[in-house]
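Take a look at the structure below.
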Amino acid sequence: MSGSRAVAEAAKLSDVNVVSAYPITPQTSIVEYLSESIAKGELTAEFVQAESEFGAMSACIGASSVGARVFTATCSQGLALMHELNYVAAGLRLPIVMAVTNRQLSQPLGMWCDHSDAMGERDSGWIQIYVESCQEALDTVIQAFRIAEDKSVLLPTMVCLDGFILSHTSEPVEIPDSEAIRRYLPPYRPDADYHALMDVQKPLAAGGGCPPAFTMEFDYKKYEAQEHAKEIIRKADREFEQTFGRQYGLVEGYRCEDAQVILAGMGTMIGTAKEVADKLRNEKGWPVGVLKLRCYRPFPKEDVRRIASKAKALATVSRAVSYGIGAPVYSDIATCMSNLGQKPVLLNFIAGMGGRDITQKNIEHVFEKGMKSAETGEAEAEVEWLGLNKNLVGG
Amino acid sequence: MSKPYWTKENFPITPVIRNPAGSLAFKCGEWRTTTPVIDKEKCTKCGLCQIYCPDDAIYKSQDGIFEVKLDYCKGCGICANECPAKAIKMVAEVDETCMSES
């Protein structure tokens, strides 16, 4: 089944109470599957077709505030239109789960994959998990509810899957048994004395103004919850494995134990990178490995240091640009390496913007540059755009 | 408010007010620089001032006369502006000439 279908099946298995969304390519089929399931009575839930993504997230916030388990999906301009509400959802500590079929942001207008959309929500307080396969998309949506609804976390969670490359690609997917999922993910039961729960028996006011005397403390609580979420994500993953036999981790180090050159990235590029790493190890004997950043917020600093700090070169491939500096994923990697005495040379690559394929050749080039840097101890360029047509723009 | 609303013991995960009508404890009348004064001779008791008051700071007393709750009136002047009988005047709380000198 396609990645979109896998995400919809996961929302169904999670027994969501409310789905509110607005269609946008390539997310549309996710909500189509869900509205069909609700119409057929396979899923007992309220489907709220909103007038915009702003309205969709508003409805999600309202529904989650009365204790419903809420799911939505969007991407690109739709996610940008939700931006204001995304901060509200995180600030109200509502465990909404949203699938984002990563797509570029206009201008130039296009409907193809890159990570610009989700990067814009990086600092909103949402947890962000990037998946590599359709199976992982399904499993992660289910895990996401467990993580978001944990009383010690209570943060909305985004499951990011590469638009088209994953949302519209069919792969074999195992659908877990619904009874086993119910045991893994019991119904959401918020506590009126702890959550900002709208309950007529216990009236409260939420979402109002807050003076400077308290605002920083609420920000700190969110920061603390993000840090703590790493432990809960690991736990949700471990317990998922116990029943369903699959686990993913905050990160995955692929052939990194003895690697001198490591490529770090997110999403579907990881599959290609693993294949190229195998090839280069077999054909050229290069000691290369791949670091998949599955969890991007909270950023798995400790795991990145553990896996990559002993390598000689660490090359980050970002599917997003941070104009005026480089790339967001690179900046985060550099941040978590900054205070280490011994650290690899850090290389910064931008690739796959606006749906451009990240090819095996691109990845080979990254490893080649990494091998060179491992030898010289230096980075040749501050940032390199992979696959850029220099005939058109120079550079 | 002299006492902080939240303490270490009751600090919530998000700003929530669990006691209804908490704003009663917040005497925003302190912000006022001009005060509405109702001329009871001119007042026709139509009640528009009460309806328009954004702070619900005008009430009808037992004898049917409208009065201002000075603890909450911010002195915005909407009542004076809306009064069809021109029965409300905004009167400065301090001598304005003193203010302009500083």
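In the structure tokens, the first chain shown is A, the next is B, and so on; residue numbers restart at 1 for each chain, and ligands run from 1 in the order shown.
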Handout entry: Contact residues around region 199-205 of chain A with only C-alpha atoms at 9 Å, ignoring same-chain residues under 2 positions, as a PyMOL selection string
Key = (chain A and resi 65-67+192-193+196-197+207-208) or (chain B and resi 15-20)
Take the residues from that selection and put them in a file with N, CA and C atoms, as a short mmCIF file (atom, residue, chain, number, x, y, z; two decimals), in the first residue's frame.
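Saved as again.cif:
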```cif
data_model
loop_
_atom_site.label_atom_id
_atom_site.label_comp_id
_atom_site.auth_asym_id
_atom_site.auth_seq_id
_atom_site.Cartn_x
_atom_site.Cartn_y
_atom_site.Cartn_z
N SER A 65 -9.08 19.81 23.05
CA SER A 65 -9.32 20.48 24.35
C SER A 65 -10.48 19.84 25.12
N VAL A 66 -11.39 19.16 24.42
CA VAL A 66 -12.45 18.48 25.16
C VAL A 66 -12.12 17.00 25.37
N GLY A 67 -10.89 16.62 25.04
CA GLY A 67 -10.44 15.28 25.38
C GLY A 67 -10.51 14.27 24.25
N ALA A 192 -8.73 16.17 34.26
CA ALA A 192 -9.24 17.55 34.31
C ALA A 192 -8.46 18.43 35.27
N ASP A 193 -7.76 17.83 36.23
CA ASP A 193 -7.00 18.64 37.17
C ASP A 193 -5.58 18.94 36.68
N ALA A 196 -5.30 21.02 30.26
CA ALA A 196 -6.21 22.15 30.03
C ALA A 196 -7.46 21.58 29.37
N LEU A 197 -8.24 20.85 30.15
CA LEU A 197 -9.38 20.11 29.61
C LEU A 197 -10.67 20.90 29.79
N GLY A 207 -5.83 29.54 27.23
CA GLY A 207 -5.53 30.27 26.01
C GLY A 207 -5.61 31.78 26.18
N GLY A 208 -5.62 32.24 27.40
CA GLY A 208 -5.70 33.68 27.63
C GLY A 208 -4.32 34.32 27.67
N PRO B 15 -0.97 28.12 30.65
CA PRO B 15 -1.70 29.08 31.47
C PRO B 15 -3.20 28.79 31.52
N VAL B 16 -3.67 28.24 32.62
CA VAL B 16 -5.09 27.98 32.80
C VAL B 16 -5.56 28.67 34.08
N ILE B 17 -6.77 29.16 34.04
CA ILE B 17 -7.38 29.77 35.22
C ILE B 17 -8.50 28.82 35.65
N ARG B 18 -8.32 28.21 36.79
CA ARG B 18 -9.32 27.22 37.23
C ARG B 18 -10.39 27.82 38.14
N ASN B 19 -10.16 29.05 38.65
CA ASN B 19 -11.18 29.70 39.47
C ASN B 19 -11.96 30.65 38.59
N PRO B 20 -13.27 30.44 38.44
CA PRO B 20 -14.04 31.32 37.57
C PRO B 20 -14.08 32.75 38.12
#
```
Handout entry: Selection: 9 Å around region 34-42 of chain A, only C-alpha atoms, excl. self and same-chain fewer than 2 positions, as a ChimeraX atom specification
Key = /A:8-9,11-12,19,29-32,44-47
Practice task
Based on DSSP run over this structure's backbone, return all residues of region 51-91 of chain B in strand (DSSP E), as a PyMOL selection string.
Solution key: chain B and resi 58-60+66-68+88-91
Wanna dump the chain A-chain B contacts at 12 Å for me, each residue with its shortest atom pair and the distance in Å to one decimal, counting only C-alpha atoms, ordered by chain and number, as JSON lines?
```
{"residue": "A:Val88", "atom": "CA", "partner": "B:Thr14", "partner_atom": "CA", "distance": 10.3}
{"residue": "A:Ala89", "atom": "CA", "partner": "B:Thr14", "partner_atom": "CA", "distance": 10.6}
{"residue": "A:Ala90", "atom": "CA", "partner": "B:Thr14", "partner_atom": "CA", "distance": 9.4}
{"residue": "A:Gly91", "atom": "CA", "partner": "B:Thr14", "partner_atom": "CA", "distance": 6.4}
{"residue": "A:Leu92", "atom": "CA", "partner": "B:Thr14", "partner_atom": "CA", "distance": 5.5}
{"residue": "A:Arg93", "atom": "CA", "partner": "B:Thr14", "partner_atom": "CA", "distance": 6.8}
{"residue": "A:Leu94", "atom": "CA", "partner": "B:Thr14", "partner_atom": "CA", "distance": 9.9}
{"residue": "A:Lys151", "atom": "CA", "partner": "B:Ile13", "partner_atom": "CA", "distance": 10.3}
{"residue": "A:Ser152", "atom": "CA", "partner": "B:Ile13", "partner_atom": "CA", "distance": 10.0}
{"residue": "A:Val153", "atom": "CA", "partner": "B:Ile13", "partner_atom": "CA", "distance": 10.1}
{"residue": "A:Leu154", "atom": "CA", "partner": "B:Ile13", "partner_atom": "CA", "distance": 9.0}
{"residue": "A:Leu155", "atom": "CA", "partner": "B:Ile13", "partner_atom": "CA", "distance": 10.6}
{"residue": "A:Ala192", "atom": "CA", "partner": "B:Arg18", "partner_atom": "CA", "distance": 10.1}
{"residue": "A:Asp193", "atom": "CA", "partner": "B:Arg18", "partner_atom": "CA", "distance": 8.9}
{"residue": "A:Tyr194", "atom": "CA", "partner": "B:Pro12", "partner_atom": "CA", "distance": 7.2}
{"residue": "A:His195", "atom": "CA", "partner": "B:Ile13", "partner_atom": "CA", "distance": 7.4}
{"residue": "A:Ala196", "atom": "CA", "partner": "B:Val16", "partner_atom": "CA", "distance": 6.5}
{"residue": "A:Leu197", "atom": "CA", "partner": "B:Val16", "partner_atom": "CA", "distance": 9.5}
{"residue": "A:Met198", "atom": "CA", "partner": "B:Val16", "partner_atom": "CA", "distance": 10.6}
{"residue": "A:Asp199", "atom": "CA", "partner": "B:Arg18", "partner_atom": "CA", "distance": 11.1}
{"residue": "A:Val200", "atom": "CA", "partner": "B:Arg18", "partner_atom": "CA", "distance": 11.9}
{"residue": "A:Gln201", "atom": "CA", "partner": "B:Arg18", "partner_atom": "CA", "distance": 11.5}
{"residue": "A:Lys202", "atom": "CA", "partner": "B:Arg18", "partner_atom": "CA", "distance": 7.9}
{"residue": "A:Pro203", "atom": "CA", "partner": "B:Arg18", "partner_atom": "CA", "distance": 6.6}
{"residue": "A:Leu204", "atom": "CA", "partner": "B:Arg18", "partner_atom": "CA", "distance": 4.5}
{"residue": "A:Ala205", "atom": "CA", "partner": "B:Ile17", "partner_atom": "CA", "distance": 5.0}
{"residue": "A:Ala206", "atom": "CA", "partner": "B:Val16", "partner_atom": "CA", "distance": 4.6}
{"residue": "A:Gly207", "atom": "CA", "partner": "B:Pro15", "partner_atom": "CA", "distance": 6.8}
{"residue": "A:Gly208", "atom": "CA", "partner": "B:Pro15", "partner_atom": "CA", "distance": 7.2}
{"residue": "A:Gly209", "atom": "CA", "partner": "B:Pro15", "partner_atom": "CA", "distance": 8.1}
{"residue": "A:Cys210", "atom": "CA", "partner": "B:Pro15", "partner_atom": "CA", "distance": 6.9}
{"residue": "A:Pro211", "atom": "CA", "partner": "B:Pro15", "partner_atom": "CA", "distance": 10.1}
{"residue": "A:Ala213", "atom": "CA", "partner": "B:Pro4", "partner_atom": "CA", "distance": 9.4}
{"residue": "A:Phe214", "atom": "CA", "partner": "B:Trp6", "partner_atom": "CA", "distance": 8.6}
{"residue": "A:Thr215", "atom": "CA", "partner": "B:Pro15", "partner_atom": "CA", "distance": 8.6}
{"residue": "A:Met216", "atom": "CA", "partner": "B:Thr14", "partner_atom": "CA", "distance": 11.4}
{"residue": "A:Glu217", "atom": "CA", "partner": "B:Phe11", "partner_atom": "CA", "distance": 9.2}
{"residue": "A:Phe218", "atom": "CA", "partner": "B:Thr14", "partner_atom": "CA", "distance": 6.4}
{"residue": "A:Asp219", "atom": "CA", "partner": "B:Thr14", "partner_atom": "CA", "distance": 9.2}
{"residue": "A:Tyr220", "atom": "CA", "partner": "B:Ile13", "partner_atom": "CA", "distance": 10.0}
{"residue": "A:Lys221", "atom": "CA", "partner": "B:Ile13", "partner_atom": "CA", "distance": 6.7}
{"residue": "A:Lys222", "atom": "CA", "partner": "B:Ile13", "partner_atom": "CA", "distance": 8.0}
{"residue": "A:Tyr223", "atom": "CA", "partner": "B:Ile13", "partner_atom": "CA", "distance": 11.4}
{"residue": "A:Glu224", "atom": "CA", "partner": "B:Ile13", "partner_atom": "CA", "distance": 10.8}
{"residue": "A:Ala225", "atom": "CA", "partner": "B:Ile13", "partner_atom": "CA", "distance": 9.7}
```
Save the residues we just selected, N, CA and C atoms, as a short mmCIF file (atom, residue, chain, number, x, y, z; two decimals), in the first residue's frame?
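What landed in again06.cif:
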```cif
data_model
loop_
_atom_site.label_atom_id
_atom_site.label_comp_id
_atom_site.auth_asym_id
_atom_site.auth_seq_id
_atom_site.Cartn_x
_atom_site.Cartn_y
_atom_site.Cartn_z
N VAL A 88 -0.08 27.49 19.13
CA VAL A 88 -1.16 27.43 20.13
C VAL A 88 -1.34 25.98 20.61
N ALA A 89 -1.36 25.05 19.66
CA ALA A 89 -1.54 23.63 20.01
C ALA A 89 -0.44 23.16 20.94
N ALA A 90 0.79 23.56 20.63
CA ALA A 90 1.92 23.15 21.48
C ALA A 90 1.85 23.84 22.84
N GLY A 91 1.50 25.12 22.83
CA GLY A 91 1.45 25.89 24.08
C GLY A 91 0.33 25.42 25.00
N LEU A 92 -0.77 24.96 24.41
CA LEU A 92 -1.87 24.42 25.22
C LEU A 92 -1.61 22.96 25.61
N ARG A 93 -0.50 22.44 25.09
CA ARG A 93 -0.04 21.08 25.40
C ARG A 93 -1.09 20.04 24.99
N LEU A 94 -1.54 20.16 23.73
CA LEU A 94 -2.57 19.25 23.22
C LEU A 94 -1.93 18.17 22.35
N LYS A 151 1.53 11.68 29.77
CA LYS A 151 1.30 12.81 30.68
C LYS A 151 2.58 13.62 30.91
N SER A 152 3.72 12.97 30.77
CA SER A 152 4.97 13.70 31.00
C SER A 152 5.47 14.39 29.74
N VAL A 153 4.75 14.23 28.63
CA VAL A 153 5.14 14.89 27.37
C VAL A 153 4.08 15.93 26.99
N LEU A 154 2.91 15.45 26.61
CA LEU A 154 1.80 16.31 26.18
C LEU A 154 2.24 17.38 25.18
N LEU A 155 2.80 16.93 24.08
CA LEU A 155 3.14 17.84 22.99
C LEU A 155 2.58 17.28 21.70
N ALA A 192 -8.73 16.17 34.26
CA ALA A 192 -9.24 17.55 34.31
C ALA A 192 -8.46 18.43 35.27
N ASP A 193 -7.76 17.83 36.23
CA ASP A 193 -7.00 18.64 37.17
C ASP A 193 -5.58 18.94 36.68
N TYR A 194 -5.19 18.30 35.58
CA TYR A 194 -3.82 18.48 35.09
C TYR A 194 -3.80 19.09 33.69
N HIS A 195 -4.56 18.50 32.78
CA HIS A 195 -4.61 19.00 31.41
C HIS A 195 -5.46 20.27 31.35
N ALA A 196 -5.30 21.02 30.26
CA ALA A 196 -6.21 22.15 30.03
C ALA A 196 -7.46 21.58 29.37
N LEU A 197 -8.24 20.85 30.15
CA LEU A 197 -9.38 20.11 29.61
C LEU A 197 -10.67 20.90 29.79
N MET A 198 -11.39 21.05 28.68
CA MET A 198 -12.66 21.76 28.73
C MET A 198 -13.73 20.78 29.22
N ASP A 199 -14.13 20.93 30.46
CA ASP A 199 -15.09 20.03 31.08
C ASP A 199 -16.11 20.89 31.81
N VAL A 200 -17.39 20.76 31.46
CA VAL A 200 -18.41 21.62 32.08
C VAL A 200 -18.50 21.43 33.58
N GLN A 201 -18.11 20.25 34.07
CA GLN A 201 -18.14 20.01 35.51
C GLN A 201 -17.02 20.76 36.23
N LYS A 202 -15.94 21.00 35.51
CA LYS A 202 -14.80 21.69 36.11
C LYS A 202 -14.37 22.84 35.19
N PRO A 203 -15.11 23.94 35.22
CA PRO A 203 -14.83 25.01 34.26
C PRO A 203 -13.45 25.62 34.44
N LEU A 204 -12.84 26.00 33.33
CA LEU A 204 -11.55 26.70 33.40
C LEU A 204 -11.43 27.60 32.18
N ALA A 205 -10.50 28.54 32.27
CA ALA A 205 -10.20 29.39 31.13
C ALA A 205 -8.79 29.05 30.68
N ALA A 206 -8.62 28.78 29.37
CA ALA A 206 -7.29 28.49 28.83
C ALA A 206 -7.09 29.35 27.58
N GLY A 207 -5.83 29.54 27.23
CA GLY A 207 -5.53 30.27 26.01
C GLY A 207 -5.61 31.78 26.18
N GLY A 208 -5.62 32.24 27.40
CA GLY A 208 -5.70 33.68 27.63
C GLY A 208 -4.32 34.32 27.67
N GLY A 209 -4.29 35.58 28.08
CA GLY A 209 -3.02 36.31 28.15
C GLY A 209 -2.19 35.84 29.33
N CYS A 210 -0.89 36.05 29.20
CA CYS A 210 0.01 35.66 30.28
C CYS A 210 1.07 36.76 30.42
N PRO A 211 1.26 37.28 31.60
CA PRO A 211 2.22 38.38 31.76
C PRO A 211 3.67 37.90 31.72
N ALA A 213 5.80 37.84 33.82
CA ALA A 213 6.21 37.17 35.06
C ALA A 213 6.12 35.65 34.95
N PHE A 214 5.35 35.14 33.99
CA PHE A 214 5.17 33.69 33.91
C PHE A 214 5.54 33.08 32.55
N THR A 215 5.57 33.89 31.48
CA THR A 215 5.70 33.34 30.13
C THR A 215 6.96 32.48 29.97
N MET A 216 8.09 32.98 30.45
CA MET A 216 9.33 32.20 30.29
C MET A 216 9.23 30.84 30.98
N GLU A 217 8.53 30.80 32.08
CA GLU A 217 8.39 29.54 32.82
C GLU A 217 7.57 28.53 32.01
N PHE A 218 6.55 29.03 31.31
CA PHE A 218 5.78 28.11 30.46
C PHE A 218 6.62 27.63 29.27
N ASP A 219 7.43 28.53 28.71
CA ASP A 219 8.34 28.13 27.63
C ASP A 219 9.31 27.06 28.13
N TYR A 220 9.80 27.26 29.34
CA TYR A 220 10.75 26.31 29.91
C TYR A 220 10.10 24.93 30.11
N LYS A 221 8.84 24.94 30.53
CA LYS A 221 8.14 23.67 30.73
C LYS A 221 8.03 22.90 29.40
N LYS A 222 7.81 23.64 28.33
CA LYS A 222 7.73 23.02 27.00
C LYS A 222 9.09 22.46 26.59
N TYR A 223 10.11 23.23 26.86
CA TYR A 223 11.49 22.82 26.53
C TYR A 223 11.84 21.54 27.29
N GLU A 224 11.48 21.54 28.57
CA GLU A 224 11.73 20.38 29.43
C GLU A 224 10.98 19.15 28.89
N ALA A 225 9.73 19.36 28.47
CA ALA A 225 8.92 18.25 27.94
C ALA A 225 9.54 17.69 26.67
#
```
Practice task
Check region 229-305 of chain A with DSSP on the backbone and list each residue it calls alpha helix (DSSP H), as a PyMOL selection string.
Solution key: chain A and resi 229-244+269-284+301-305
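The list of residues with at least one atom within 10 Å of Val141 (chain A), based on only C-alpha atoms and without residues fewer than 4 positions apart in the same chain, reads Ala6, Val7, Ala8, Glu9, Ala10, Ala11, Leu13, Ser14, Phe71, Val97, Met98, Ala99, Ile129, Glu136, Ala137, Phe145, Arg146, Ile147, Thr157, Met158, Val159 and Cys160 of chain A.
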Resulting file, chosen residues, N, CA and C atoms, as an mmCIF file, in the first residue's frame:
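After the write, part.cif holds the following:
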```
data_model
loop_
_atom_site.group_PDB
_atom_site.id
_atom_site.type_symbol
_atom_site.label_atom_id
_atom_site.label_comp_id
_atom_site.auth_asym_id
_atom_site.auth_seq_id
_atom_site.Cartn_x
_atom_site.Cartn_y
_atom_site.Cartn_z
ATOM 1 N N ALA A 6 -1.053 3.931 4.320
ATOM 2 C CA ALA A 6 -0.483 3.414 5.568
ATOM 3 C C ALA A 6 -0.765 4.379 6.721
ATOM 4 N N VAL A 7 -0.641 5.680 6.441
ATOM 5 C CA VAL A 7 -0.899 6.692 7.467
ATOM 6 C C VAL A 7 -2.379 6.659 7.872
ATOM 7 N N ALA A 8 -3.263 6.558 6.873
ATOM 8 C CA ALA A 8 -4.700 6.521 7.151
ATOM 9 C C ALA A 8 -5.066 5.271 7.949
ATOM 10 N N GLU A 9 -4.474 4.129 7.576
ATOM 11 C CA GLU A 9 -4.737 2.886 8.313
ATOM 12 C C GLU A 9 -4.305 3.028 9.769
ATOM 13 N N ALA A 10 -3.182 3.716 9.964
ATOM 14 C CA ALA A 10 -2.670 3.900 11.325
ATOM 15 C C ALA A 10 -3.615 4.765 12.152
ATOM 16 N N ALA A 11 -4.154 5.828 11.531
ATOM 17 C CA ALA A 11 -5.087 6.701 12.255
ATOM 18 C C ALA A 11 -6.343 5.911 12.629
ATOM 19 N N LEU A 13 -6.501 2.583 13.048
ATOM 20 C CA LEU A 13 -6.129 1.646 14.118
ATOM 21 C C LEU A 13 -6.019 2.354 15.465
ATOM 22 N N SER A 14 -5.673 3.650 15.416
ATOM 23 C CA SER A 14 -5.512 4.413 16.659
ATOM 24 C C SER A 14 -6.849 4.863 17.229
ATOM 25 N N PHE A 71 -6.652 13.650 14.866
ATOM 26 C CA PHE A 71 -5.665 13.451 13.803
ATOM 27 C C PHE A 71 -5.927 14.429 12.664
ATOM 28 N N VAL A 97 -2.013 14.639 16.674
ATOM 29 C CA VAL A 97 -1.044 14.010 15.772
ATOM 30 C C VAL A 97 -1.363 14.432 14.337
ATOM 31 N N MET A 98 -0.312 14.843 13.629
ATOM 32 C CA MET A 98 -0.489 15.342 12.264
ATOM 33 C C MET A 98 0.529 14.670 11.344
ATOM 34 N N ALA A 99 0.037 14.175 10.207
ATOM 35 C CA ALA A 99 0.961 13.669 9.192
ATOM 36 C C ALA A 99 1.272 14.818 8.247
ATOM 37 N N ILE A 129 8.947 13.681 13.687
ATOM 38 C CA ILE A 129 9.586 12.408 13.354
ATOM 39 C C ILE A 129 9.524 12.209 11.843
ATOM 40 N N GLU A 136 7.125 2.144 8.223
ATOM 41 C CA GLU A 136 7.532 3.035 9.319
ATOM 42 C C GLU A 136 6.503 4.152 9.502
ATOM 43 N N ALA A 137 5.914 4.623 8.404
ATOM 44 C CA ALA A 137 4.887 5.672 8.490
ATOM 45 C C ALA A 137 3.710 5.168 9.321
ATOM 46 N N PHE A 145 0.790 8.801 18.852
ATOM 47 C CA PHE A 145 -0.274 9.041 19.840
ATOM 48 C C PHE A 145 0.207 8.665 21.241
ATOM 49 N N ARG A 146 0.925 7.545 21.337
ATOM 50 C CA ARG A 146 1.459 7.118 22.633
ATOM 51 C C ARG A 146 2.374 8.191 23.214
ATOM 52 N N ILE A 147 3.233 8.716 22.355
ATOM 53 C CA ILE A 147 4.220 9.713 22.794
ATOM 54 C C ILE A 147 3.514 11.014 23.177
ATOM 55 N N THR A 157 2.419 16.120 17.879
ATOM 56 C CA THR A 157 3.472 15.383 17.172
ATOM 57 C C THR A 157 3.209 15.316 15.667
ATOM 58 N N MET A 158 4.248 15.639 14.909
ATOM 59 C CA MET A 158 4.196 15.585 13.456
ATOM 60 C C MET A 158 4.910 14.334 12.969
ATOM 61 N N VAL A 159 4.254 13.591 12.081
ATOM 62 C CA VAL A 159 4.928 12.477 11.427
ATOM 63 C C VAL A 159 5.171 12.912 9.986
ATOM 64 N N CYS A 160 6.434 13.082 9.625
ATOM 65 C CA CYS A 160 6.775 13.645 8.317
ATOM 66 C C CYS A 160 7.174 12.539 7.353
#
```
Practice task
Determine, counting only C-alpha atoms, which protein, DNA and RNA residues have an atom within 10 Å of an atom of Glu275 (chain A); residues of the same chain fewer than 4 positions away are not included. Present the result as a VMD selection string.
Solution key: chain A and resid 270 to 271 279 to 280 290 360 363
Take the residues from that selection and write them out as an mmCIF file, in the first residue's frame, keeping N, CA and C atoms.
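What ended up in again.cif:
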```
data_model
loop_
_atom_site.group_PDB
_atom_site.id
_atom_site.type_symbol
_atom_site.label_atom_id
_atom_site.label_comp_id
_atom_site.auth_asym_id
_atom_site.auth_seq_id
_atom_site.Cartn_x
_atom_site.Cartn_y
_atom_site.Cartn_z
ATOM 1 N N ILE A 270 17.506 8.261 2.973
ATOM 2 C CA ILE A 270 18.269 7.310 3.782
ATOM 3 C C ILE A 270 18.348 5.940 3.106
ATOM 4 N N GLY A 271 17.247 5.521 2.478
ATOM 5 C CA GLY A 271 17.243 4.229 1.775
ATOM 6 C C GLY A 271 18.304 4.205 0.692
ATOM 7 N N LYS A 279 27.393 -0.482 -1.343
ATOM 8 C CA LYS A 279 28.113 -0.605 -2.608
ATOM 9 C C LYS A 279 29.567 -0.140 -2.456
ATOM 10 N N LEU A 280 29.735 1.024 -1.813
ATOM 11 C CA LEU A 280 31.084 1.575 -1.677
ATOM 12 C C LEU A 280 31.948 0.734 -0.745
ATOM 13 N N VAL A 290 25.794 5.408 7.481
ATOM 14 C CA VAL A 290 24.667 6.335 7.326
ATOM 15 C C VAL A 290 24.007 6.562 8.686
ATOM 16 N N GLN A 360 21.773 8.043 -6.491
ATOM 17 C CA GLN A 360 22.925 7.292 -5.971
ATOM 18 C C GLN A 360 24.215 8.051 -6.264
ATOM 19 N N ILE A 363 24.795 10.752 -3.775
ATOM 20 C CA ILE A 363 25.241 10.195 -2.490
ATOM 21 C C ILE A 363 26.713 9.766 -2.591
#
```
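The spacing separating CA of Thr34 (chain B) from CA of Cys73 (chain B) amounts to 9.6 Å.
Each of A:Pro212, A:Pro287, A:Pro176, A:Gly125 was checked against Ala229 (chain A) using only C-alpha atoms; the smallest atom-to-atom distance is that of A:Gly125.
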Find the residues near Gly64 (chain B): any atom within 12 Å, counting only C-alpha atoms, skip ones fewer than 5 places away on the same chain, and give them as a compact mmCIF listing (two decimals) with C-alpha atoms, in the first residue's frame.
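File written: around39.txt
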```txt
# COMPACT_ATOMS: atom_id res chain seq x y z
CA LYS B 40 -28.92 62.24 37.08
CA CYS B 43 -30.30 60.68 32.44
CA THR B 44 -33.34 59.06 30.76
CA LYS B 45 -32.45 55.62 32.20
CA CYS B 46 -32.29 54.09 28.72
CA GLY B 47 -29.44 51.82 29.81
CA TYR B 59 -24.86 48.90 36.81
```
Contacts between region 314-321 of chain A and region 225-266 of chain A, please, where a residue of region 225-266 of chain A counts if it comes within 6 Å (with only C-alpha atoms); show its shortest atom pair and distance in Å to one decimal, rows by chain and ascending number, as CSV.
```
residue,atom,partner,partner_atom,distance
A:Val261,CA,A:Leu314,CA,5.9
A:Ile262,CA,A:Leu314,CA,4.9
A:Leu263,CA,A:Ala315,CA,4.8
A:Ala264,CA,A:Thr316,CA,4.7
A:Gly265,CA,A:Val317,CA,5.2
```
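Contact shell of Leu347 (chain A) at 9 Å (only C-alpha atoms; same-chain neighbours under 4 positions omitted): Ala313, Leu314, Ala315, Thr316, Val317, Tyr330, Val366, Lys369, Gly370, Ser373, Ala379, Glu380, Ala381, Glu382, Val383 and Glu384 of chain A.
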Dump of C-alpha atoms for the selected residues, as a PDB file, in the first residue's frame:
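Writing the result to result.pdb gives the following:
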```pdb
ATOM      1  CA  ALA A 313      34.005  13.306   8.517  1.00  0.00           C
ATOM      2  CA  LEU A 314      30.288  13.813   9.040  1.00  0.00           C
ATOM      3  CA  ALA A 315      28.380  14.996   5.987  1.00  0.00           C
ATOM      4  CA  THR A 316      24.855  16.326   6.451  1.00  0.00           C
ATOM      5  CA  VAL A 317      22.458  16.225   3.527  1.00  0.00           C
ATOM      6  CA  TYR A 330      23.471  20.942   9.369  1.00  0.00           C
ATOM      7  CA  VAL A 366      28.958  13.073  -0.744  1.00  0.00           C
ATOM      8  CA  LYS A 369      33.970  14.421  -0.539  1.00  0.00           C
ATOM      9  CA  GLY A 370      33.772  12.917   2.928  1.00  0.00           C
ATOM     10  CA  SER A 373      37.922  15.550   4.112  1.00  0.00           C
ATOM     11  CA  ALA A 379      35.981  20.921   4.420  1.00  0.00           C
ATOM     12  CA  GLU A 380      36.376  22.096   0.838  1.00  0.00           C
ATOM     13  CA  ALA A 381      33.286  24.283   0.805  1.00  0.00           C
ATOM     14  CA  GLU A 382      31.048  25.821   3.449  1.00  0.00           C
ATOM     15  CA  VAL A 383      28.011  24.470   1.669  1.00  0.00           C
ATOM     16  CA  GLU A 384      27.516  22.504  -1.531  1.00  0.00           C
TER      17      GLU A 384
END
```
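When the distance limit is 9 Å and only C-alpha atoms are what count, the residues near Ala311 (chain A), minus those fewer than 6 positions from it on the same chain, are Cys256, Asp258, Ala259, Gln260, Val261, Ile262, Lys343, Pro344, Val345 and Ala374 of chain A.
Taking CA of Arg103 (chain A) and CA of Ala63 (chain A) as endpoints, the distance between them is 26.6 Å.
Across the model, the gap from CA of Ile38 (chain B) to CA of Cys53 (chain B) is 13.8 Å.
Distances here use only C-alpha atoms; by that measure, the residue among A:Gly110, A:Pro187, A:Gly289, A:Gly78 closest to Phe367 (chain A) is A:Gly289.
Using only C-alpha atoms, the nearest neighbour of Met90 (chain B) within the list B:Ile78, B:Val68, B:Val37, B:Cys28 is B:Val37.
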